[in-house]
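*Asks:* The structure that follows is given in the form of structure tokens.
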Amino acid sequence: MPQRLLILLIFLAAGLSAQQSTNEQVLARAELGRKTIEIGDQIWLTVNISAPPGTEVSGLAPEYIDALDGLETIDAKDLSVMAEVPERLLQQRFLITSFDTGYIAVPPLPYIYKAADGRLDTAYTNDLLLTVNALPVTGDEEIMPIKPIIEEPLNLLDFWWLFLLLIVAGLGYLLYVIQKRRQADAPPPPPPPPAYIVALDALKELEGKELWQQSHTKEYYSELTHILREYLEGRFDVQALEMTTRQITDKLSKRNDFDKVQAKELGNLLEISDLVKFAKARPAVELHAEGMDRVRAFVKETGIEAVPEPVPEASMVPVVAPPTSAEPATAPQEPATDNQQPITEEPATDNPITEKE
């Protein structure tokens, strides 16, 4: 009898070792730790998956549980392998809660897998029903009053905005002081040179170029006219660079500080330059240097503005008062004869009387 039992056990062990998995598809099953909870309680939602060897199963993201109505995920575990033979056993757990009372339906959860032959498919769990009850309140229990808010004592960090405001104000004041010091230390810009000084320097520079000596007559008269027009604009405040020769002479002839001789001289200078620039006239060689001298002389004659002399006030002019009745009038002197010396009147010792305001 013992021998028969031993042989039976040997054949049974051989049969078990030779047995292969009969599961040809992926199966998923979901379970709740409790089917009834009170509002706010936390329970585990466990998903067990069985699959043939070589099957790759993807875990479910916790965001999928959060998207379900009435459920929130507190913690989520990754999909872990529990066994490989004779078939793959996998498990994933979610710690969930609910703050809605009533019945919460947990729909089938999808698990995507890849079979050993490369085929993609999805396995779904069974649906579940969770009952969420409100906290029980009996009539015998005394309702406690609402507790006051516990206030935290103030500290320096609560006034960070004040410190930030002080720092910004300090930086602004520092920049203001630095800017003021720079402006105070910087010397004032020198006044611009007078128009006649600028014109004389430009004439000297033009003379050094020797343009007409190199047969650049048009360029020479163009620069000479430009210098003259810039001088008229700076000295007499007329838009000479934008006006014609006739407009310039008409404008200046109406000024009190510009006589007819100067107007005629200016018109001649500008007309010669216009003939050379626009009519391609060729004046005599001696007129080139003469034009430079005439412009220079014109600038020197009209360069310095005439400053009107101050007129003394009437109250500052001494007025000699007529002699008073206390002083005897001097009689007219008769011509002296040979036997008589001329009588001379001594000068008065008193100062002349001046009228004061």
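Lettering and numbering for the structure tokens are positional, with chains as A, B, ... in the shown order, residues counted from 1 in each chain, and ligands counted from 1 in the shown order.
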Counting only C-alpha atoms, which residues of range 126-239 of chain A sit at most 10 Å from some atom of range 275-278 of chain A, and what is each one's closest atom pair with its distance in Å to one decimal, listed by chain and rising residue number, as a Markdown table?

*Replies:*
| residue | atom | partner | partner_atom | distance |
| --- | --- | --- | --- | --- |
| A:Thr217 | CA | A:Val276 | CA | 7.7 |
| A:Lys218 | CA | A:Lys277 | CA | 5.6 |
| A:Glu219 | CA | A:Lys277 | CA | 8.2 |
| A:Tyr220 | CA | A:Lys277 | CA | 9.5 |
| A:Tyr221 | CA | A:Val276 | CA | 7.0 |
| A:Ser222 | CA | A:Lys277 | CA | 6.7 |
| A:Thr225 | CA | A:Lys277 | CA | 9.8 |

*Asks:* For the residues in the current selection, export C-alpha atoms as a short mmCIF file (atom, residue, chain, number, x, y, z; two decimals), in the first residue's frame.

*Replies:*
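Output (part_23.cif):
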data_model
loop_
_atom_site.label_atom_id
_atom_site.label_comp_id
_atom_site.auth_asym_id
_atom_site.auth_seq_id
_atom_site.Cartn_x
_atom_site.Cartn_y
_atom_site.Cartn_z
CA THR A 217 35.32 126.22 -59.82
CA LYS A 218 31.74 125.00 -59.30
CA GLU A 219 32.60 123.27 -56.02
CA TYR A 220 34.45 126.37 -54.87
CA TYR A 221 31.50 128.72 -55.44
CA SER A 222 29.05 126.19 -54.02
CA THR A 225 27.75 130.44 -51.19
#

*Asks:* Counting only C-alpha atoms, figure out which residue out of A:Phe99, A:Asp250, A:Glu84, A:Leu211 gets nearest to Leu135 in chain A.

*Replies:*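 Selected residue with least distance to Leu135 in chain A: A:Phe99.
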
*Asks:* Name the residues in contact with range 104-114 of chain A at a cut-off of 12 Å, using only C-alpha atoms, excluding same-chain residues fewer than 6 positions from it; report them as a PDB file with N, CA and C atoms, in the first residue's frame.

*Replies:*
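Saved as result-v1.pdb:
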ATOM      1  N   GLN A  25      -6.043  34.745 -22.234  1.00  0.00           N
ATOM      2  CA  GLN A  25      -6.398  36.144 -22.362  1.00  0.00           C
ATOM      3  C   GLN A  25      -6.111  36.855 -21.042  1.00  0.00           C
ATOM      4  N   VAL A  26      -6.119  38.204 -21.082  1.00  0.00           N
ATOM      5  CA  VAL A  26      -5.828  39.014 -19.907  1.00  0.00           C
ATOM      6  C   VAL A  26      -7.130  39.256 -19.170  1.00  0.00           C
ATOM      7  N   LEU A  27      -7.103  38.974 -17.869  1.00  0.00           N
ATOM      8  CA  LEU A  27      -8.271  39.172 -17.027  1.00  0.00           C
ATOM      9  C   LEU A  27      -7.927  40.173 -15.945  1.00  0.00           C
ATOM     10  N   ALA A  28      -8.823  41.139 -15.688  1.00  0.00           N
ATOM     11  CA  ALA A  28      -8.619  42.173 -14.674  1.00  0.00           C
ATOM     12  C   ALA A  28      -9.814  42.193 -13.754  1.00  0.00           C
ATOM     13  N   ARG A  29      -9.540  42.274 -12.437  1.00  0.00           N
ATOM     14  CA  ARG A  29     -10.620  42.285 -11.460  1.00  0.00           C
ATOM     15  C   ARG A  29     -10.303  43.360 -10.421  1.00  0.00           C
ATOM     16  N   ALA A  30     -11.308  44.208 -10.098  1.00  0.00           N
ATOM     17  CA  ALA A  30     -11.152  45.283  -9.122  1.00  0.00           C
ATOM     18  C   ALA A  30     -11.902  44.954  -7.855  1.00  0.00           C
ATOM     19  N   GLU A  31     -11.327  45.340  -6.696  1.00  0.00           N
ATOM     20  CA  GLU A  31     -11.939  45.083  -5.408  1.00  0.00           C
ATOM     21  C   GLU A  31     -11.781  46.323  -4.537  1.00  0.00           C
ATOM     22  N   LEU A  32     -12.806  46.599  -3.687  1.00  0.00           N
ATOM     23  CA  LEU A  32     -12.764  47.690  -2.725  1.00  0.00           C
ATOM     24  C   LEU A  32     -12.485  47.130  -1.343  1.00  0.00           C
ATOM     25  N   LYS A  35     -17.133  48.307   1.064  1.00  0.00           N
ATOM     26  CA  LYS A  35     -18.149  48.787   0.140  1.00  0.00           C
ATOM     27  C   LYS A  35     -18.951  49.944   0.719  1.00  0.00           C
ATOM     28  N   THR A  36     -18.851  50.163   2.029  1.00  0.00           N
ATOM     29  CA  THR A  36     -19.565  51.251   2.693  1.00  0.00           C
ATOM     30  C   THR A  36     -18.587  52.004   3.580  1.00  0.00           C
ATOM     31  N   ILE A  37     -18.541  53.308   3.405  1.00  0.00           N
ATOM     32  CA  ILE A  37     -17.645  54.150   4.200  1.00  0.00           C
ATOM     33  C   ILE A  37     -18.407  55.398   4.631  1.00  0.00           C
ATOM     34  N   ILE A  39     -18.229  59.632   5.013  1.00  0.00           N
ATOM     35  CA  ILE A  39     -17.662  60.682   4.174  1.00  0.00           C
ATOM     36  C   ILE A  39     -16.258  61.055   4.660  1.00  0.00           C
ATOM     37  N   LEU A  45      -8.444  50.680  -3.291  1.00  0.00           N
ATOM     38  CA  LEU A  45      -9.022  50.069  -4.484  1.00  0.00           C
ATOM     39  C   LEU A  45      -7.919  49.235  -5.127  1.00  0.00           C
ATOM     40  N   THR A  46      -8.115  47.901  -5.135  1.00  0.00           N
ATOM     41  CA  THR A  46      -7.083  46.981  -5.605  1.00  0.00           C
ATOM     42  C   THR A  46      -7.516  46.369  -6.927  1.00  0.00           C
ATOM     43  N   VAL A  47      -6.584  46.335  -7.885  1.00  0.00           N
ATOM     44  CA  VAL A  47      -6.834  45.744  -9.202  1.00  0.00           C
ATOM     45  C   VAL A  47      -5.839  44.606  -9.386  1.00  0.00           C
ATOM     46  N   ASN A  48      -6.347  43.381  -9.589  1.00  0.00           N
ATOM     47  CA  ASN A  48      -5.523  42.198  -9.846  1.00  0.00           C
ATOM     48  C   ASN A  48      -5.682  41.809 -11.314  1.00  0.00           C
ATOM     49  N   ILE A  49      -4.564  41.513 -11.961  1.00  0.00           N
ATOM     50  CA  ILE A  49      -4.554  41.210 -13.389  1.00  0.00           C
ATOM     51  C   ILE A  49      -3.803  39.897 -13.577  1.00  0.00           C
ATOM     52  N   SER A  50      -4.397  39.021 -14.380  1.00  0.00           N
ATOM     53  CA  SER A  50      -3.730  37.772 -14.779  1.00  0.00           C
ATOM     54  C   SER A  50      -3.592  37.788 -16.298  1.00  0.00           C
ATOM     55  N   ALA A  51      -2.393  37.385 -16.768  1.00  0.00           N
ATOM     56  CA  ALA A  51      -2.115  37.440 -18.209  1.00  0.00           C
ATOM     57  C   ALA A  51      -1.173  36.319 -18.579  1.00  0.00           C
ATOM     58  N   PRO A  52      -1.206  35.872 -19.840  1.00  0.00           N
ATOM     59  CA  PRO A  52      -0.285  34.829 -20.291  1.00  0.00           C
ATOM     60  C   PRO A  52       1.162  35.324 -20.209  1.00  0.00           C
ATOM     61  N   PRO A  53       2.125  34.405 -20.105  1.00  0.00           N
ATOM     62  CA  PRO A  53       3.534  34.821 -20.067  1.00  0.00           C
ATOM     63  C   PRO A  53       3.909  35.605 -21.328  1.00  0.00           C
ATOM     64  N   GLY A  54       4.765  36.609 -21.141  1.00  0.00           N
ATOM     65  CA  GLY A  54       5.199  37.442 -22.267  1.00  0.00           C
ATOM     66  C   GLY A  54       4.291  38.612 -22.556  1.00  0.00           C
ATOM     67  N   THR A  55       3.194  38.784 -21.800  1.00  0.00           N
ATOM     68  CA  THR A  55       2.269  39.892 -22.020  1.00  0.00           C
ATOM     69  C   THR A  55       2.764  41.122 -21.249  1.00  0.00           C
ATOM     70  N   GLU A  56       2.782  42.273 -21.921  1.00  0.00           N
ATOM     71  CA  GLU A  56       3.182  43.524 -21.294  1.00  0.00           C
ATOM     72  C   GLU A  56       1.921  44.355 -21.023  1.00  0.00           C
ATOM     73  N   VAL A  57       1.706  44.682 -19.724  1.00  0.00           N
ATOM     74  CA  VAL A  57       0.514  45.407 -19.300  1.00  0.00           C
ATOM     75  C   VAL A  57       0.945  46.776 -18.788  1.00  0.00           C
ATOM     76  N   SER A  58       0.232  47.820 -19.205  1.00  0.00           N
ATOM     77  CA  SER A  58       0.522  49.188 -18.757  1.00  0.00           C
ATOM     78  C   SER A  58      -0.355  49.528 -17.578  1.00  0.00           C
ATOM     79  N   GLY A  59       0.227  50.202 -16.561  1.00  0.00           N
ATOM     80  CA  GLY A  59      -0.517  50.610 -15.385  1.00  0.00           C
ATOM     81  C   GLY A  59      -1.471  51.755 -15.681  1.00  0.00           C
ATOM     82  N   LEU A  60      -2.411  51.956 -14.755  1.00  0.00           N
ATOM     83  CA  LEU A  60      -3.412  53.011 -14.899  1.00  0.00           C
ATOM     84  C   LEU A  60      -2.930  54.253 -14.151  1.00  0.00           C
ATOM     85  N   ALA A  61      -3.039  55.420 -14.784  1.00  0.00           N
ATOM     86  CA  ALA A  61      -2.615  56.674 -14.167  1.00  0.00           C
ATOM     87  C   ALA A  61      -3.609  57.094 -13.101  1.00  0.00           C
ATOM     88  N   PRO A  62      -3.127  57.688 -11.984  1.00  0.00           N
ATOM     89  CA  PRO A  62      -4.066  58.109 -10.923  1.00  0.00           C
ATOM     90  C   PRO A  62      -4.999  59.220 -11.380  1.00  0.00           C
ATOM     91  N   TYR A  64      -6.776  59.215 -13.897  1.00  0.00           N
ATOM     92  CA  TYR A  64      -8.002  58.595 -14.403  1.00  0.00           C
ATOM     93  C   TYR A  64      -9.012  58.394 -13.274  1.00  0.00           C
ATOM     94  N   ILE A  65      -8.521  58.029 -12.069  1.00  0.00           N
ATOM     95  CA  ILE A  65      -9.417  57.867 -10.922  1.00  0.00           C
ATOM     96  C   ILE A  65      -9.970  59.224 -10.490  1.00  0.00           C
ATOM     97  N   ASP A  66      -9.110  60.275 -10.521  1.00  0.00           N
ATOM     98  CA  ASP A  66      -9.568  61.610 -10.113  1.00  0.00           C
ATOM     99  C   ASP A  66     -10.649  62.132 -11.048  1.00  0.00           C
ATOM    100  N   ALA A  67     -10.622  61.690 -12.300  1.00  0.00           N
ATOM    101  CA  ALA A  67     -11.619  62.170 -13.255  1.00  0.00           C
ATOM    102  C   ALA A  67     -12.997  61.539 -13.043  1.00  0.00           C
ATOM    103  N   LEU A  68     -13.076  60.482 -12.238  1.00  0.00           N
ATOM    104  CA  LEU A  68     -14.370  59.841 -11.978  1.00  0.00           C
ATOM    105  C   LEU A  68     -15.181  60.692 -11.012  1.00  0.00           C
ATOM    106  N   ASP A  69     -16.485  60.675 -11.155  1.00  0.00           N
ATOM    107  CA  ASP A  69     -17.377  61.480 -10.311  1.00  0.00           C
ATOM    108  C   ASP A  69     -17.367  60.954  -8.883  1.00  0.00           C
ATOM    109  N   GLY A  70     -17.090  61.876  -7.930  1.00  0.00           N
ATOM    110  CA  GLY A  70     -17.194  61.544  -6.516  1.00  0.00           C
ATOM    111  C   GLY A  70     -15.983  60.891  -5.918  1.00  0.00           C
ATOM    112  N   LEU A  71     -14.901  60.638  -6.677  1.00  0.00           N
ATOM    113  CA  LEU A  71     -13.719  59.959  -6.165  1.00  0.00           C
ATOM    114  C   LEU A  71     -12.492  60.871  -6.260  1.00  0.00           C
ATOM    115  N   GLU A  72     -11.624  60.729  -5.274  1.00  0.00           N
ATOM    116  CA  GLU A  72     -10.353  61.433  -5.265  1.00  0.00           C
ATOM    117  C   GLU A  72      -9.262  60.457  -4.873  1.00  0.00           C
ATOM    118  N   LEU A  79       2.059  49.598 -10.986  1.00  0.00           N
ATOM    119  CA  LEU A  79       1.685  48.221 -11.305  1.00  0.00           C
ATOM    120  C   LEU A  79       2.876  47.306 -11.012  1.00  0.00           C
ATOM    121  N   LEU A  90      -0.353  40.413 -11.811  1.00  0.00           N
ATOM    122  CA  LEU A  90       0.038  41.790 -11.551  1.00  0.00           C
ATOM    123  C   LEU A  90      -0.999  42.444 -10.645  1.00  0.00           C
ATOM    124  N   GLN A  91      -0.569  43.473  -9.933  1.00  0.00           N
ATOM    125  CA  GLN A  91      -1.461  44.147  -8.994  1.00  0.00           C
ATOM    126  C   GLN A  91      -1.137  45.636  -8.937  1.00  0.00           C
ATOM    127  N   GLN A  92      -2.195  46.440  -8.836  1.00  0.00           N
ATOM    128  CA  GLN A  92      -2.050  47.893  -8.674  1.00  0.00           C
ATOM    129  C   GLN A  92      -3.073  48.366  -7.654  1.00  0.00           C
ATOM    130  N   ILE A  96      -8.170  55.732  -2.126  1.00  0.00           N
ATOM    131  CA  ILE A  96      -9.168  56.683  -2.597  1.00  0.00           C
ATOM    132  C   ILE A  96     -10.031  57.145  -1.433  1.00  0.00           C
ATOM    133  N   THR A  97     -10.751  58.243  -1.654  1.00  0.00           N
ATOM    134  CA  THR A  97     -11.720  58.763  -0.702  1.00  0.00           C
ATOM    135  C   THR A  97     -12.831  59.449  -1.468  1.00  0.00           C
ATOM    136  N   SER A  98     -13.892  59.845  -0.723  1.00  0.00           N
ATOM    137  CA  SER A  98     -15.009  60.535  -1.349  1.00  0.00           C
ATOM    138  C   SER A  98     -15.626  61.490  -0.337  1.00  0.00           C
ATOM    139  N   LEU A 120      -2.058  44.586 -29.729  1.00  0.00           N
ATOM    140  CA  LEU A 120      -2.465  45.533 -28.692  1.00  0.00           C
ATOM    141  C   LEU A 120      -3.947  45.367 -28.425  1.00  0.00           C
ATOM    142  N   ASP A 121      -4.310  45.407 -27.129  1.00  0.00           N
ATOM    143  CA  ASP A 121      -5.713  45.258 -26.766  1.00  0.00           C
ATOM    144  C   ASP A 121      -5.904  45.901 -25.398  1.00  0.00           C
ATOM    145  N   THR A 122      -7.156  45.906 -24.916  1.00  0.00           N
ATOM    146  CA  THR A 122      -7.484  46.526 -23.630  1.00  0.00           C
ATOM    147  C   THR A 122      -8.334  45.566 -22.831  1.00  0.00           C
ATOM    148  N   ALA A 123      -7.975  45.401 -21.564  1.00  0.00           N
ATOM    149  CA  ALA A 123      -8.754  44.585 -20.632  1.00  0.00           C
ATOM    150  C   ALA A 123      -9.435  45.513 -19.639  1.00  0.00           C
ATOM    151  N   TYR A 124     -10.705  45.231 -19.303  1.00  0.00           N
ATOM    152  CA  TYR A 124     -11.498  46.072 -18.413  1.00  0.00           C
ATOM    153  C   TYR A 124     -11.812  45.305 -17.135  1.00  0.00           C
ATOM    154  N   THR A 125     -11.817  46.038 -16.018  1.00  0.00           N
ATOM    155  CA  THR A 125     -12.190  45.435 -14.742  1.00  0.00           C
ATOM    156  C   THR A 125     -13.710  45.412 -14.618  1.00  0.00           C
ATOM    157  N   ASN A 126     -14.180  44.753 -13.597  1.00  0.00           N
ATOM    158  CA  ASN A 126     -15.604  44.761 -13.281  1.00  0.00           C
ATOM    159  C   ASN A 126     -15.985  46.099 -12.646  1.00  0.00           C
ATOM    160  N   ASP A 127     -17.244  46.492 -12.749  1.00  0.00           N
ATOM    161  CA  ASP A 127     -17.679  47.739 -12.128  1.00  0.00           C
ATOM    162  C   ASP A 127     -18.003  47.493 -10.664  1.00  0.00           C
ATOM    163  N   LEU A 128     -17.885  48.605  -9.865  1.00  0.00           N
ATOM    164  CA  LEU A 128     -18.076  48.522  -8.424  1.00  0.00           C
ATOM    165  C   LEU A 128     -19.053  49.595  -7.993  1.00  0.00           C
ATOM    166  N   LEU A 129     -19.608  49.434  -6.782  1.00  0.00           N
ATOM    167  CA  LEU A 129     -20.526  50.411  -6.215  1.00  0.00           C
ATOM    168  C   LEU A 129     -20.081  50.693  -4.786  1.00  0.00           C
ATOM    169  N   LEU A 130     -19.822  51.979  -4.507  1.00  0.00           N
ATOM    170  CA  LEU A 130     -19.365  52.406  -3.184  1.00  0.00           C
ATOM    171  C   LEU A 130     -20.452  53.250  -2.543  1.00  0.00           C
ATOM    172  N   THR A 131     -20.791  52.935  -1.279  1.00  0.00           N
ATOM    173  CA  THR A 131     -21.794  53.685  -0.533  1.00  0.00           C
ATOM    174  C   THR A 131     -21.084  54.600   0.452  1.00  0.00           C
ATOM    175  N   VAL A 132     -21.391  55.898   0.374  1.00  0.00           N
ATOM    176  CA  VAL A 132     -20.767  56.900   1.252  1.00  0.00           C
ATOM    177  C   VAL A 132     -21.860  57.478   2.123  1.00  0.00           C
ATOM    178  N   ASN A 133     -21.707  57.282   3.441  1.00  0.00           N
ATOM    179  CA  ASN A 133     -22.682  57.781   4.408  1.00  0.00           C
ATOM    180  C   ASN A 133     -22.176  59.053   5.061  1.00  0.00           C
TER     181      ASN A 133
END

*Asks:* Just how far from CA of Phe236 in chain A is CA of Lys209 in chain A, in Å to one decimal?

*Replies:*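 That distance, rounded to one decimal, is 27.8 Å.
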
*Asks:* Among range 91-208 of chain A, which residues does DSSP mark as strand (DSSP E) when it is run on the backbone? Keep the chain and numbering as in the structure and answer as a PyMOL selection string.

*Replies:* chain A and resi 91-97+102-106+110-114+120-124+128-133

*Asks:* Restrict the selected residues to C-alpha atoms and save them as a PDB file, in the first residue's frame.

*Replies:*
ATOM      1  CA  GLN A  91      -1.461  44.147  -8.994  1.00  0.00           C
ATOM      2  CA  GLN A  92      -2.050  47.893  -8.674  1.00  0.00           C
ATOM      3  CA  ARG A  93      -3.509  49.718  -5.660  1.00  0.00           C
ATOM      4  CA  PHE A  94      -5.128  53.142  -5.237  1.00  0.00           C
ATOM      5  CA  LEU A  95      -5.903  54.845  -1.929  1.00  0.00           C
ATOM      6  CA  ILE A  96      -9.168  56.683  -2.597  1.00  0.00           C
ATOM      7  CA  THR A  97     -11.720  58.763  -0.702  1.00  0.00           C
ATOM      8  CA  GLY A 102     -24.778  58.485  -1.552  1.00  0.00           C
ATOM      9  CA  TYR A 103     -23.866  55.808  -4.067  1.00  0.00           C
ATOM     10  CA  ILE A 104     -20.612  56.272  -5.998  1.00  0.00           C
ATOM     11  CA  ALA A 105     -20.280  54.099  -9.101  1.00  0.00           C
ATOM     12  CA  VAL A 106     -16.799  52.910 -10.061  1.00  0.00           C
ATOM     13  CA  PRO A 110      -9.223  50.008 -18.735  1.00  0.00           C
ATOM     14  CA  TYR A 111      -5.775  48.372 -18.843  1.00  0.00           C
ATOM     15  CA  ILE A 112      -3.920  48.380 -22.138  1.00  0.00           C
ATOM     16  CA  TYR A 113      -1.669  45.390 -22.806  1.00  0.00           C
ATOM     17  CA  LYS A 114       0.553  44.031 -25.551  1.00  0.00           C
ATOM     18  CA  LEU A 120      -2.465  45.533 -28.692  1.00  0.00           C
ATOM     19  CA  ASP A 121      -5.713  45.258 -26.766  1.00  0.00           C
ATOM     20  CA  THR A 122      -7.484  46.526 -23.630  1.00  0.00           C
ATOM     21  CA  ALA A 123      -8.754  44.585 -20.632  1.00  0.00           C
ATOM     22  CA  TYR A 124     -11.498  46.072 -18.413  1.00  0.00           C
ATOM     23  CA  LEU A 128     -18.076  48.522  -8.424  1.00  0.00           C
ATOM     24  CA  LEU A 129     -20.526  50.411  -6.215  1.00  0.00           C
ATOM     25  CA  LEU A 130     -19.365  52.406  -3.184  1.00  0.00           C
ATOM     26  CA  THR A 131     -21.794  53.685  -0.533  1.00  0.00           C
ATOM     27  CA  VAL A 132     -20.767  56.900   1.252  1.00  0.00           C
ATOM     28  CA  ASN A 133     -22.682  57.781   4.408  1.00  0.00           C
TER      29      ASN A 133
END
